[in-house]
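Peer 1: Data file input-v6.pdb (PDB, C-alpha atoms) is appended below.
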ATOM      1  CA  MET G 529       0.000   0.000   0.000
ATOM      2  CA  ASP G 530       1.479   3.372  -0.983
ATOM      3  CA  SER G 531       1.052   6.711   0.745
ATOM      4  CA  ASP G 532      -1.913   7.902  -1.337
ATOM      5  CA  ALA G 533      -3.787   4.608  -1.053
ATOM      6  CA  PHE G 534      -3.243   4.662   2.682
ATOM      7  CA  ALA G 535      -4.527   8.239   2.946
ATOM      8  CA  GLY G 536      -7.752   7.221   1.203
ATOM      9  CA  PHE G 537      -8.170   4.109   3.302
ATOM     10  CA  TYR G 538      -7.481   6.107   6.462
ATOM     11  CA  GLN G 539     -10.094   8.744   5.618
ATOM     12  CA  ARG G 540     -12.699   6.045   5.043
ATOM     13  CA  SER G 541     -11.913   3.843   8.021
ATOM     14  CA  ALA G 542     -10.496   6.022  10.801
ATOM     15  CA  PRO G 543     -13.795   7.551  12.057
ATOM     16  CA  ALA G 544     -15.394   4.109  12.329
ATOM     17  CA  LEU G 545     -12.388   2.624  14.097
ATOM     18  CA  ARG G 546     -12.149   5.515  16.522
ATOM     19  CA  SER G 547     -15.886   5.325  17.272
ATOM     20  CA  TYR G 548     -15.547   1.621  18.006
ATOM     21  CA  LEU G 549     -12.623   2.179  20.353
ATOM     22  CA  GLU G 550     -14.257   5.128  22.086
ATOM     23  CA  ARG G 551     -17.579   3.395  22.679
ATOM     24  CA  VAL G 552     -16.059   0.133  23.810
ATOM     25  CA  SER G 553     -13.402   1.661  26.066
ATOM     26  CA  GLY G 554     -15.521   4.627  27.220
ATOM     27  CA  ASN G 555     -12.404   6.788  27.032
ATOM     28  CA  ALA G 556     -11.846   9.279  24.204
ATOM     29  CA  ALA G 557      -8.147   9.865  24.928
ATOM     30  CA  LEU G 558      -7.456   6.155  24.988
ATOM     31  CA  ALA G 559      -9.429   5.750  21.750
ATOM     32  CA  ASP G 560      -7.203   8.356  20.060
ATOM     33  CA  ASP G 561      -4.036   6.611  21.205
ATOM     34  CA  LEU G 562      -5.219   3.164  20.204
ATOM     35  CA  THR G 563      -6.456   4.395  16.823
ATOM     36  CA  GLN G 564      -3.001   5.744  16.006
ATOM     37  CA  GLU G 565      -1.271   2.629  17.292
ATOM     38  CA  SER G 566      -3.631   0.415  15.277
ATOM     39  CA  TYR G 567      -2.737   2.203  12.048
ATOM     40  CA  LEU G 568       0.975   2.119  12.841
ATOM     41  CA  ARG G 569       0.860  -1.624  13.417
ATOM     42  CA  PHE G 570      -1.288  -2.074  10.339
ATOM     43  CA  LEU G 571       1.302  -0.250   8.213
ATOM     44  CA  CYS G 572       4.235  -2.145   9.716
ATOM     45  CA  ALA G 573       2.569  -5.533   9.243
ATOM     46  CA  THR G 574       2.062  -7.477   6.049
ATOM     47  CA  CYS G 575      -1.368  -6.474   4.763
ATOM     48  CA  PRO G 576      -3.830  -9.294   4.104
ATOM     49  CA  GLU G 577      -5.005 -10.113   0.600
ATOM     50  CA  GLY G 578      -8.504  -9.251  -0.574
ATOM     51  CA  GLY G 579      -8.734  -5.476  -0.675
ATOM     52  CA  GLU G 580     -10.255  -2.910   1.596
ATOM     53  CA  VAL G 581     -12.862  -5.122   3.257
ATOM     54  CA  ASN G 582     -10.126  -7.388   4.551
ATOM     55  CA  TYR G 583      -7.870  -4.444   5.442
ATOM     56  CA  ARG G 584     -10.688  -3.037   7.535
ATOM     57  CA  ARG G 585     -11.352  -6.301   9.305
ATOM     58  CA  TYR G 586      -7.628  -6.718   9.968
ATOM     59  CA  LEU G 587      -7.492  -3.200  11.375
ATOM     60  CA  PHE G 588     -10.374  -3.932  13.752
ATOM     61  CA  ARG G 589      -8.578  -7.082  14.821
ATOM     62  CA  ILE G 590      -5.434  -5.112  15.668
ATOM     63  CA  ALA G 591      -7.528  -2.569  17.596
ATOM     64  CA  THR G 592      -9.332  -5.345  19.466
ATOM     65  CA  ASN G 593      -6.037  -6.907  20.487
ATOM     66  CA  LEU G 594      -4.719  -3.536  21.641
ATOM     67  CA  LEU G 595      -7.854  -3.009  23.736
ATOM     68  CA  ARG G 596      -7.449  -6.444  25.262
ATOM     69  CA  ASP G 597      -3.807  -5.692  26.089
ATOM     70  CA  HIS G 598      -4.896  -2.418  27.663
ATOM     71  CA  TRP G 599      -7.445  -4.141  29.888
ATOM     72  CA  ARG G 600      -4.918  -6.766  30.937
ATOM     73  CA  ARG G 601      -2.390  -4.161  32.011
ATOM     74  CA  PRO G 602      -2.493  -3.190  35.690
ATOM     75  CA  LYS G 603      -4.469  -0.017  36.231
ATOM     76  CA  LEU G 604      -2.569   3.139  37.094
ATOM     77  CA  ALA G 605      -4.029   6.233  38.641
ATOM     78  CA  CYS G 606      -3.273   8.573  35.779
ATOM     79  CA  ILE G 607      -4.955  11.676  34.403
ATOM     80  CA  GLU G 608      -5.199   9.950  31.008
ATOM     81  CA  ASP G 609      -7.445   7.286  32.517
ATOM     82  CA  VAL G 610     -10.113   9.753  33.527
ATOM     83  CA  PRO G 611     -12.996   9.751  31.013
ATOM     84  CA  GLU G 612     -12.892  12.904  28.988
ATOM     85  CA  GLN G 613     -16.477  13.897  29.729
ATOM     86  CA  LEU G 614     -15.463  14.443  33.332
ATOM     87  CA  LEU G 615     -12.845  16.966  32.280
ATOM     88  CA  ALA G 616     -14.637  18.855  29.526
ATOM     89  CA  ALA G 617     -18.123  19.169  28.129
ATOM     90  CA  ARG G 618     -18.590  17.434  24.781
ATOM     91  CA  ASP G 619     -19.575  19.564  21.854
ATOM     92  CA  GLY G 620     -22.398  18.976  19.390
ATOM     93  CA  LEU G 621     -26.085  18.697  20.185
ATOM     94  CA  SER G 622     -26.435  15.624  17.981
ATOM     95  CA  ARG G 623     -24.646  13.530  20.568
ATOM     96  CA  ILE G 624     -27.164  14.189  23.313
ATOM     97  CA  ASP G 625     -29.503  11.353  22.373
ATOM     98  CA  SER G 626     -26.930   8.612  22.196
ATOM     99  CA  GLN G 627     -25.124  10.041  25.174
ATOM    100  CA  SER G 628     -28.206  10.072  27.367
ATOM    101  CA  VAL G 629     -29.579   6.730  26.203
ATOM    102  CA  LEU G 630     -26.810   4.495  24.893
ATOM    103  CA  ASP G 631     -23.806   5.569  26.964
ATOM    104  CA  PRO G 632     -25.356   4.824  30.384
ATOM    105  CA  ALA G 633     -26.561   1.472  29.084
ATOM    106  CA  LEU G 634     -23.141   0.663  27.617
ATOM    107  CA  ALA G 635     -21.500   1.635  30.888
ATOM    108  CA  ARG G 636     -23.402  -1.184  32.579
ATOM    109  CA  MET G 637     -22.232  -3.778  30.086
ATOM    110  CA  ARG G 638     -19.015  -5.754  30.303
ATOM    111  CA  PRO G 639     -16.212  -4.723  27.897
ATOM    112  CA  ARG G 640     -16.540  -7.948  25.915
ATOM    113  CA  GLU G 641     -20.302  -7.378  25.530
ATOM    114  CA  ARG G 642     -19.746  -3.782  24.404
ATOM    115  CA  GLN G 643     -17.228  -4.996  21.875
ATOM    116  CA  LEU G 644     -19.501  -7.666  20.408
ATOM    117  CA  LEU G 645     -22.541  -5.399  20.335
ATOM    118  CA  TRP G 646     -20.656  -2.641  18.547
ATOM    119  CA  LEU G 647     -19.103  -4.949  15.982
ATOM    120  CA  ALA G 648     -22.422  -6.675  15.273
ATOM    121  CA  HIS G 649     -24.871  -3.790  15.369
ATOM    122  CA  ALA G 650     -22.856  -0.658  14.576
ATOM    123  CA  GLU G 651     -20.329  -2.131  12.144
ATOM    124  CA  GLY G 652     -22.681  -4.807  10.815
ATOM    125  CA  TYR G 653     -20.162  -7.643  10.973
ATOM    126  CA  SER G 654     -21.388 -11.234  10.755
ATOM    127  CA  HIS G 655     -20.667 -13.791  13.483
ATOM    128  CA  ARG G 656     -17.893 -15.282  11.357
ATOM    129  CA  GLU G 657     -16.256 -11.890  10.845
ATOM    130  CA  ILE G 658     -16.515 -11.076  14.559
ATOM    131  CA  SER G 659     -14.935 -14.429  15.253
ATOM    132  CA  GLU G 660     -11.977 -13.473  13.030
ATOM    133  CA  ILE G 661     -11.654 -10.113  14.771
ATOM    134  CA  THR G 662     -11.978 -11.249  18.380
ATOM    135  CA  GLY G 663     -10.650 -14.796  18.204
ATOM    136  CA  LEU G 664     -13.795 -16.198  19.872
ATOM    137  CA  SER G 665     -15.714 -19.142  18.458
ATOM    138  CA  THR G 666     -18.773 -18.460  16.291
ATOM    139  CA  ALA G 667     -21.043 -20.447  18.598
ATOM    140  CA  GLY G 668     -19.763 -18.527  21.612
ATOM    141  CA  ILE G 669     -20.320 -15.215  19.849
ATOM    142  CA  ARG G 670     -23.890 -16.179  18.959
ATOM    143  CA  LEU G 671     -24.712 -16.949  22.576
ATOM    144  CA  LEU G 672     -22.852 -13.968  24.059
ATOM    145  CA  LEU G 673     -24.456 -11.604  21.561
ATOM    146  CA  PHE G 674     -27.924 -12.954  22.251
ATOM    147  CA  ARG G 675     -27.506 -12.368  25.965
ATOM    148  CA  ALA G 676     -25.848  -8.989  25.542
ATOM    149  CA  ARG G 677     -28.546  -7.813  23.143
ATOM    150  CA  ARG G 678     -31.306  -8.826  25.493
ATOM    151  CA  LYS G 679     -29.573  -7.118  28.389
ATOM    152  CA  ILE G 680     -28.887  -3.847  26.586
ATOM    153  CA  ALA G 681     -32.375  -3.776  25.072
ATOM    154  CA  ARG G 682     -33.817  -3.965  28.600
ATOM    155  CA  LEU G 683     -31.487  -1.170  29.755
ATOM    156  CA  LEU G 684     -32.339   0.975  26.718
ATOM    157  CA  ARG G 685     -36.077   0.550  27.286
ATOM    158  CA  GLN G 686     -35.678   1.525  30.934
ATOM    159  CA  ARG G 687     -33.685   4.574  29.922
ATOM    160  CA  ILE G 688     -36.119   5.606  27.187
ATOM    161  CA  GLY G 689     -39.042   5.097  29.605
ATOM    162  CA  ALA G 690     -37.330   7.235  32.230
ATOM    163  CA  ASP G 691     -36.625   9.995  29.686
ATOM    164  CA  ARG G 692     -40.242   9.970  28.527
ATOM    165  CA  GLY G 693     -41.433  10.050  32.131
ATOM    166  CA  ARG G 694     -39.320  13.133  32.769
ATOM    167  CA  ALA G 695     -40.622  14.799  29.604
TER     168      ALA G 695
ATOM    169  CA  MET M 776     -31.667 -17.482  30.184
ATOM    170  CA  THR M 777     -32.772 -19.570  27.210
ATOM    171  CA  PHE M 778     -31.174 -19.060  23.819
ATOM    172  CA  ARG M 779     -34.008 -19.001  21.295
ATOM    173  CA  SER M 780     -33.447 -17.391  17.927
ATOM    174  CA  CYS M 781     -36.347 -16.182  15.778
ATOM    175  CA  GLY M 782     -36.680 -17.369  12.157
ATOM    176  CA  CYS M 783     -37.122 -13.813  10.886
ATOM    177  CA  GLU M 784     -33.960 -12.549  12.538
ATOM    178  CA  ASN M 785     -31.645 -12.948   9.529
ATOM    179  CA  GLU M 786     -34.036 -11.189   7.170
ATOM    180  CA  LEU M 787     -34.572  -8.400   9.673
ATOM    181  CA  ALA M 788     -30.841  -8.034  10.367
ATOM    182  CA  ARG M 789     -30.174  -7.748   6.626
ATOM    183  CA  ALA M 790     -32.882  -5.108   6.237
ATOM    184  CA  LEU M 791     -31.476  -3.134   9.156
ATOM    185  CA  ARG M 792     -27.910  -3.391   7.859
ATOM    186  CA  ASP M 793     -28.906  -2.241   4.373
ATOM    187  CA  GLY M 794     -31.070   0.593   5.698
ATOM    188  CA  HIS M 795     -34.304  -0.904   4.363
ATOM    189  CA  TRP M 796     -36.072  -0.982   7.724
ATOM    190  CA  PRO M 797     -38.960  -0.130   8.070
ATOM    191  CA  GLU M 798     -40.013   1.381   4.743
ATOM    192  CA  GLY M 799     -38.409  -1.297   2.571
ATOM    193  CA  CYS M 800     -39.939  -4.209   4.484
ATOM    194  CA  GLY M 801     -43.286  -5.932   4.036
ATOM    195  CA  PRO M 802     -46.222  -5.467   6.438
ATOM    196  CA  GLU M 803     -45.872  -9.078   7.660
ATOM    197  CA  LEU M 804     -42.348  -8.473   8.902
ATOM    198  CA  ARG M 805     -43.360  -5.206  10.551
ATOM    199  CA  ALA M 806     -46.301  -6.901  12.232
ATOM    200  CA  HIS M 807     -44.029  -9.709  13.353
ATOM    201  CA  VAL M 808     -41.563  -7.291  14.949
ATOM    202  CA  ASP M 809     -44.381  -5.758  17.004
ATOM    203  CA  THR M 810     -45.136  -9.135  18.550
ATOM    204  CA  CYS M 811     -41.700 -10.822  18.686
ATOM    205  CA  GLY M 812     -39.537  -9.839  21.652
ATOM    206  CA  SER M 813     -36.284 -11.005  20.068
ATOM    207  CA  CYS M 814     -36.878  -9.107  16.828
ATOM    208  CA  SER M 815     -38.000  -5.922  18.596
ATOM    209  CA  ASP M 816     -34.801  -6.117  20.675
ATOM    210  CA  LEU M 817     -32.818  -6.470  17.454
ATOM    211  CA  VAL M 818     -34.473  -3.414  15.902
ATOM    212  CA  LEU M 819     -34.058  -1.270  19.010
ATOM    213  CA  VAL M 820     -30.418  -2.212  19.577
ATOM    214  CA  THR M 821     -29.330  -2.038  15.934
ATOM    215  CA  ARG M 822     -30.942   1.327  15.275
ATOM    216  CA  THR M 823     -29.526   2.801  18.480
ATOM    217  CA  PHE M 824     -26.035   1.580  17.637
ATOM    218  CA  GLN M 825     -26.267   2.733  14.035
ATOM    219  CA  GLN M 826     -27.312   6.195  15.184
ATOM    220  CA  ALA M 827     -24.503   6.288  17.745
ATOM    221  CA  ARG M 828     -22.008   5.211  15.087
ATOM    222  CA  SER M 829     -23.039   7.907  12.651
ATOM    223  CA  GLU M 830     -22.919  10.558  15.404
ATOM    224  CA  SER M 831     -19.509   9.395  16.562
ATOM    225  CA  GLU M 832     -18.128   9.371  13.045
ATOM    226  CA  GLN M 833     -19.204  12.955  12.470
ATOM    227  CA  THR M 834     -17.439  14.176  15.589
ATOM    228  CA  ALA M 835     -14.460  11.818  15.656
ATOM    229  CA  PRO M 836     -11.247  13.860  15.394
ATOM    230  CA  CYS M 837      -8.671  11.992  13.344
ATOM    231  CA  GLY M 838      -5.111  13.156  12.728
ATOM    232  CA  PRO M 839      -3.476  13.568   9.322
ATOM    233  CA  PRO M 840      -2.641  10.275   7.576
ATOM    234  CA  SER M 841       0.726  11.634   6.370
ATOM    235  CA  LEU M 842       1.971  11.847   9.959
ATOM    236  CA  LEU M 843       1.004   8.237  10.610
ATOM    237  CA  TRP M 844       2.635   7.162   7.358
ATOM    238  CA  TRP M 845       5.854   8.922   8.341
ATOM    239  CA  ARG M 846       5.828   7.405  11.834
ATOM    240  CA  ALA M 847       5.239   3.946  10.364
ATOM    241  CA  GLN M 848       8.234   4.407   8.045
ATOM    242  CA  LEU M 849      10.392   5.323  11.040
ATOM    243  CA  ARG M 850       9.174   2.318  12.978
ATOM    244  CA  ARG M 851       9.833   0.029  10.022
ATOM    245  CA  ARG M 852      13.359   1.407   9.679
ATOM    246  CA  ASP M 853      14.025   0.931  13.403
ATOM    247  CA  ALA M 854      12.763  -2.634  13.218
ATOM    248  CA  ALA M 855      14.991  -3.340  10.199
ATOM    249  CA  ALA M 856      18.023  -1.831  11.959
ATOM    250  CA  GLU M 857      17.337  -3.932  15.021
ATOM    251  CA  ARG M 858      17.092  -7.075  12.895
ATOM    252  CA  VAL M 859      20.435  -6.274  11.265
ATOM    253  CA  SER M 860      22.199  -5.484  14.553
ATOM    254  CA  ARG M 861      20.918  -8.564  16.367
ATOM    255  CA  PRO M 862      23.821 -10.842  15.217
ATOM    256  CA  VAL M 863      26.298  -8.146  16.305
ATOM    257  CA  THR M 864      24.677  -8.000  19.755
ATOM    258  CA  ILE M 865      24.853 -11.772  20.022
ATOM    259  CA  ALA M 866      28.538 -11.680  19.017
ATOM    260  CA  GLU M 867      29.185  -9.020  21.668
ATOM    261  CA  LEU M 868      27.525 -11.095  24.336
ATOM    262  CA  PHE M 869      29.472 -14.142  23.212
ATOM    263  CA  ALA M 870      32.727 -12.154  23.412
ATOM    264  CA  LEU M 871      31.788 -11.006  26.918
ATOM    265  CA  PHE M 872      31.122 -14.583  27.953
ATOM    266  CA  VAL M 873      34.431 -15.821  26.506
ATOM    267  CA  TYR M 874      36.277 -12.972  28.171
ATOM    268  CA  GLY M 875      34.727 -13.793  31.556
ATOM    269  CA  PHE M 876      35.411 -17.475  31.094
ATOM    270  CA  VAL M 877      39.081 -16.872  30.288
ATOM    271  CA  GLY M 878      39.369 -14.609  33.332
ATOM    272  CA  VAL M 879      37.884 -17.241  35.618
ATOM    273  CA  VAL M 880      40.169 -19.940  34.157
ATOM    274  CA  LEU M 881      43.195 -17.690  34.647
ATOM    275  CA  VAL M 882      42.336 -16.934  38.273
ATOM    276  CA  ALA M 883      41.610 -20.601  38.973
ATOM    277  CA  SER M 884      44.880 -21.649  37.369
ATOM    278  CA  GLU M 885      46.880 -19.124  39.383
ATOM    279  CA  TYR M 886      45.134 -20.166  42.559
ATOM    280  CA  ARG M 887      46.019 -23.806  41.930
ATOM    281  CA  HIS M 888      49.670 -22.926  41.426
ATOM    282  CA  GLY M 889      49.932 -21.257  44.768
ATOM    283  CA  LEU M 890      48.757 -17.694  44.080
ATOM    284  CA  ARG M 891      52.139 -16.121  43.381
ATOM    285  CA  TRP M 892      50.644 -12.669  42.941
ATOM    286  CA  ALA M 893      51.212 -11.949  46.611
ATOM    287  CA  SER M 894      54.936 -12.319  46.154
ATOM    288  CA  TRP M 895      54.787 -10.172  43.003
ATOM    289  CA  TRP M 896      53.130  -7.375  44.953
ATOM    290  CA  SER M 897      55.747  -7.589  47.673
ATOM    291  CA  GLN M 898      58.481  -7.249  45.034
ATOM    292  CA  LEU M 899      56.679  -4.389  43.324
ATOM    293  CA  ALA M 900      57.935  -1.571  45.561
ATOM    294  CA  PRO M 901      61.665  -2.336  45.522
ATOM    295  CA  SER M 902      61.561  -3.261  41.847
ATOM    296  CA  ARG M 903      64.011  -1.515  39.585
ATOM    297  CA  ALA M 904      61.230  -0.941  37.064
ATOM    298  CA  PHE M 905      60.144   2.067  39.132
ATOM    299  CA  HIS M 906      63.592   3.572  39.428
ATOM    300  CA  PHE M 907      63.180   5.238  36.034
ATOM    301  CA  LEU M 908      66.670   4.305  34.900
ATOM    302  CA  PRO M 909      67.412   4.032  31.205
ATOM    303  CA  VAL M 910      66.397   0.626  29.976
ATOM    304  CA  GLY M 911      69.806  -0.300  28.732
ATOM    305  CA  ALA M 912      71.514   0.997  31.864
ATOM    306  CA  ALA M 913      70.091  -1.420  34.347
ATOM    307  CA  GLN M 914      68.811  -4.932  34.643
ATOM    308  CA  VAL M 915      64.995  -4.623  34.189
ATOM    309  CA  ASP M 916      62.533  -7.034  35.768
ATOM    310  CA  TRP M 917      60.885  -8.195  32.547
ATOM    311  CA  ASN M 918      58.306 -10.329  34.385
ATOM    312  CA  LEU M 919      57.017  -7.303  36.251
ATOM    313  CA  LEU M 920      56.866  -5.171  33.122
ATOM    314  CA  LEU M 921      54.971  -7.903  31.332
ATOM    315  CA  PHE M 922      52.520  -8.136  34.221
ATOM    316  CA  ILE M 923      51.902  -4.389  34.322
ATOM    317  CA  SER M 924      51.417  -4.078  30.551
ATOM    318  CA  SER M 925      49.099  -7.119  30.487
ATOM    319  CA  SER M 926      47.024  -5.696  33.329
ATOM    320  CA  GLY M 927      46.731  -2.368  31.519
ATOM    321  CA  ALA M 928      45.700  -4.044  28.269
ATOM    322  CA  LEU M 929      43.153  -6.204  30.098
ATOM    323  CA  ALA M 930      41.687  -3.152  31.849
ATOM    324  CA  LEU M 931      41.350  -1.324  28.532
ATOM    325  CA  LEU M 932      39.840  -4.329  26.793
ATOM    326  CA  SER M 933      37.391  -5.040  29.598
ATOM    327  CA  GLY M 934      36.163  -1.445  29.446
ATOM    328  CA  LEU M 935      35.722  -1.768  25.703
ATOM    329  CA  VAL M 936      33.893  -5.101  25.988
ATOM    330  CA  VAL M 937      31.547  -3.826  28.705
ATOM    331  CA  TYR M 938      30.825  -0.721  26.618
ATOM    332  CA  LEU M 939      30.081  -2.742  23.481
ATOM    333  CA  ALA M 940      27.946  -5.252  25.349
ATOM    334  CA  SER M 941      25.850  -2.575  27.040
ATOM    335  CA  GLU M 942      25.523  -0.297  24.002
ATOM    336  CA  LYS M 943      21.962   0.098  22.689
ATOM    337  CA  PRO M 944      21.230   1.249  19.139
TER     338      PRO M 944
END
I'd like the structure from this file rewritten - as structure tokens, please.
Peer 2:
Amino acid sequence: MDSDAFAGFYQRSAPALRSYLERVSGNAALADDLTQESYLRFLCATCPEGGEVNYRRYLFRIATNLLRDHWRRPKLACIEDVPEQLLAARDGLSRIDSQSVLDPALARMRPRERQLLWLAHAEGYSHREISEITGLSTAGIRLLLFRARRKIARLLRQRIGADRGRA
Amino acid sequence: MTFRSCGCENELARALRDGHWPEGCGPELRAHVDTCGSCSDLVLVTRTFQQARSESEQTAPCGPPSLLWWRAQLRRRDAAAERVSRPVTIAELFALFVYGFVGVVLVASEYRHGLRWASWWSQLAPSRAFHFLPVGAAQVDWNLLLFISSSGALALLSGLVVYLASEKP
């Protein structure tokens, strides 16, 4: 992949990758760091065959592994670990809905559940593709996703009901 | 919790993924979603995540790709340099090991032969080597000179070996 091809691929894939990392980790600063590191590792590695679809899946796999490494590392009390929304107000009114409904629900899910839900429902990956990205078995993903979906649907309904009650 | 998948789930998931829900779907499927808990969960969750994804993508700040490309080139070059210098590092470590081994053998050998260094040290002070007479003018203790020059060379070499072994690229 040459510089121009990479620039195009980056423009098309970076927002989606960063969104995935931010929503799953719940930390915008960490998402920025891991996005950059994912692309660096992607460029230093031998790219898979099969064009952009496979590049994208490979990139998500690298990011997933980096997230897993991050969670395995012992936690340090560091300013970088504080979620950004605690330090500064987010901009953009369009984020209010998903912030008030999805973010609290996601915060009550386990990291693995957040990861699977995002890959399946936001990125639209099939169980087989998620299996390639996460290294889990397809049968395990099917079961975990079913449970996670049921759980988050219940949390979303509660949240939506509470918002309507307030309105 | 029982794991029971609905037969309409694949069709519904495809419609949601392609953006055909609800306008592009038949009335039967829409009626089914109203009554099926699993499918209504799927619609709620997928649409919420899709909305969150599109909002996140609009606000996601991403750096310039040229900077990443440049950093990747640097990292590649560093990795290549490290690969090339690995045999040299191994050779340095091997040299350090051999040097240490020879030193230990030398000390052990001297110890077995009665550790004559003590007598050398006692002869060091009255030795004529330190009288600074012209070499041809006096009888020089060649053993002592050899010992001093060997010790100096060993000290220099050991410094060099330790430096090379500890040097990082």
Peer 1: Find the residues in chain M near chain G: any atom within 10 Å counts, using only C-alpha atoms. Write them as a PyMOL selection string.
Peer 2: chain M and resi 776-780+788-789+791-793+812-813+815-852+854
Peer 1: Identify all residues satisfying the PyMOL selection byres ((chain G and resi 668) around 12) in the given file; provide them as a list in words.
Peer 2: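 Applied to this file, the PyMOL selection byres ((chain G and resi 668) around 12) selects Arg640, Glu641, Leu644, His655, Arg656, Ile658, Ser659, Thr662, Gly663, Leu664, Ser665, Thr666, Ala667, Ile669, Arg670, Leu671, Leu672, Leu673, Phe674, Arg675 and Ala676 of chain G; Phe778 of chain M.
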Peer 1: Let me know the residues the PyMOL selection byres ((chain M and resi 867) around 10) catches in the file above, as a list in words.
Peer 2: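 For this structure, the PyMOL selection byres ((chain M and resi 867) around 10) resolves to Arg861, Pro862, Val863, Thr864, Ile865, Ala866, Leu868, Phe869, Ala870, Leu871, Phe872, Val873, Val936, Val937, Tyr938, Leu939, Ala940, Ser941 and Glu942 of chain M.
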Peer 1: Work out how far CA of Leu683 (chain G) is from CA of Glu784 (chain M), in Å to one decimal.
Peer 2: 20.8 Å
Peer 1: Any idea what the distance is between CA of Glu657 (chain G) and CA of Leu562 (chain G)?
Peer 2: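 CA of Glu657 (chain G) sits 20.9 Å away from CA of Leu562 (chain G).
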Peer 1: At what distance in Å, to one decimal, does CA of Asp809 (chain M) lie from CA of Ala690 (chain G)?
Peer 2: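 Answer for the CA of Ala690 (chain G) to CA of Asp809 (chain M) separation: 21.2 Å.
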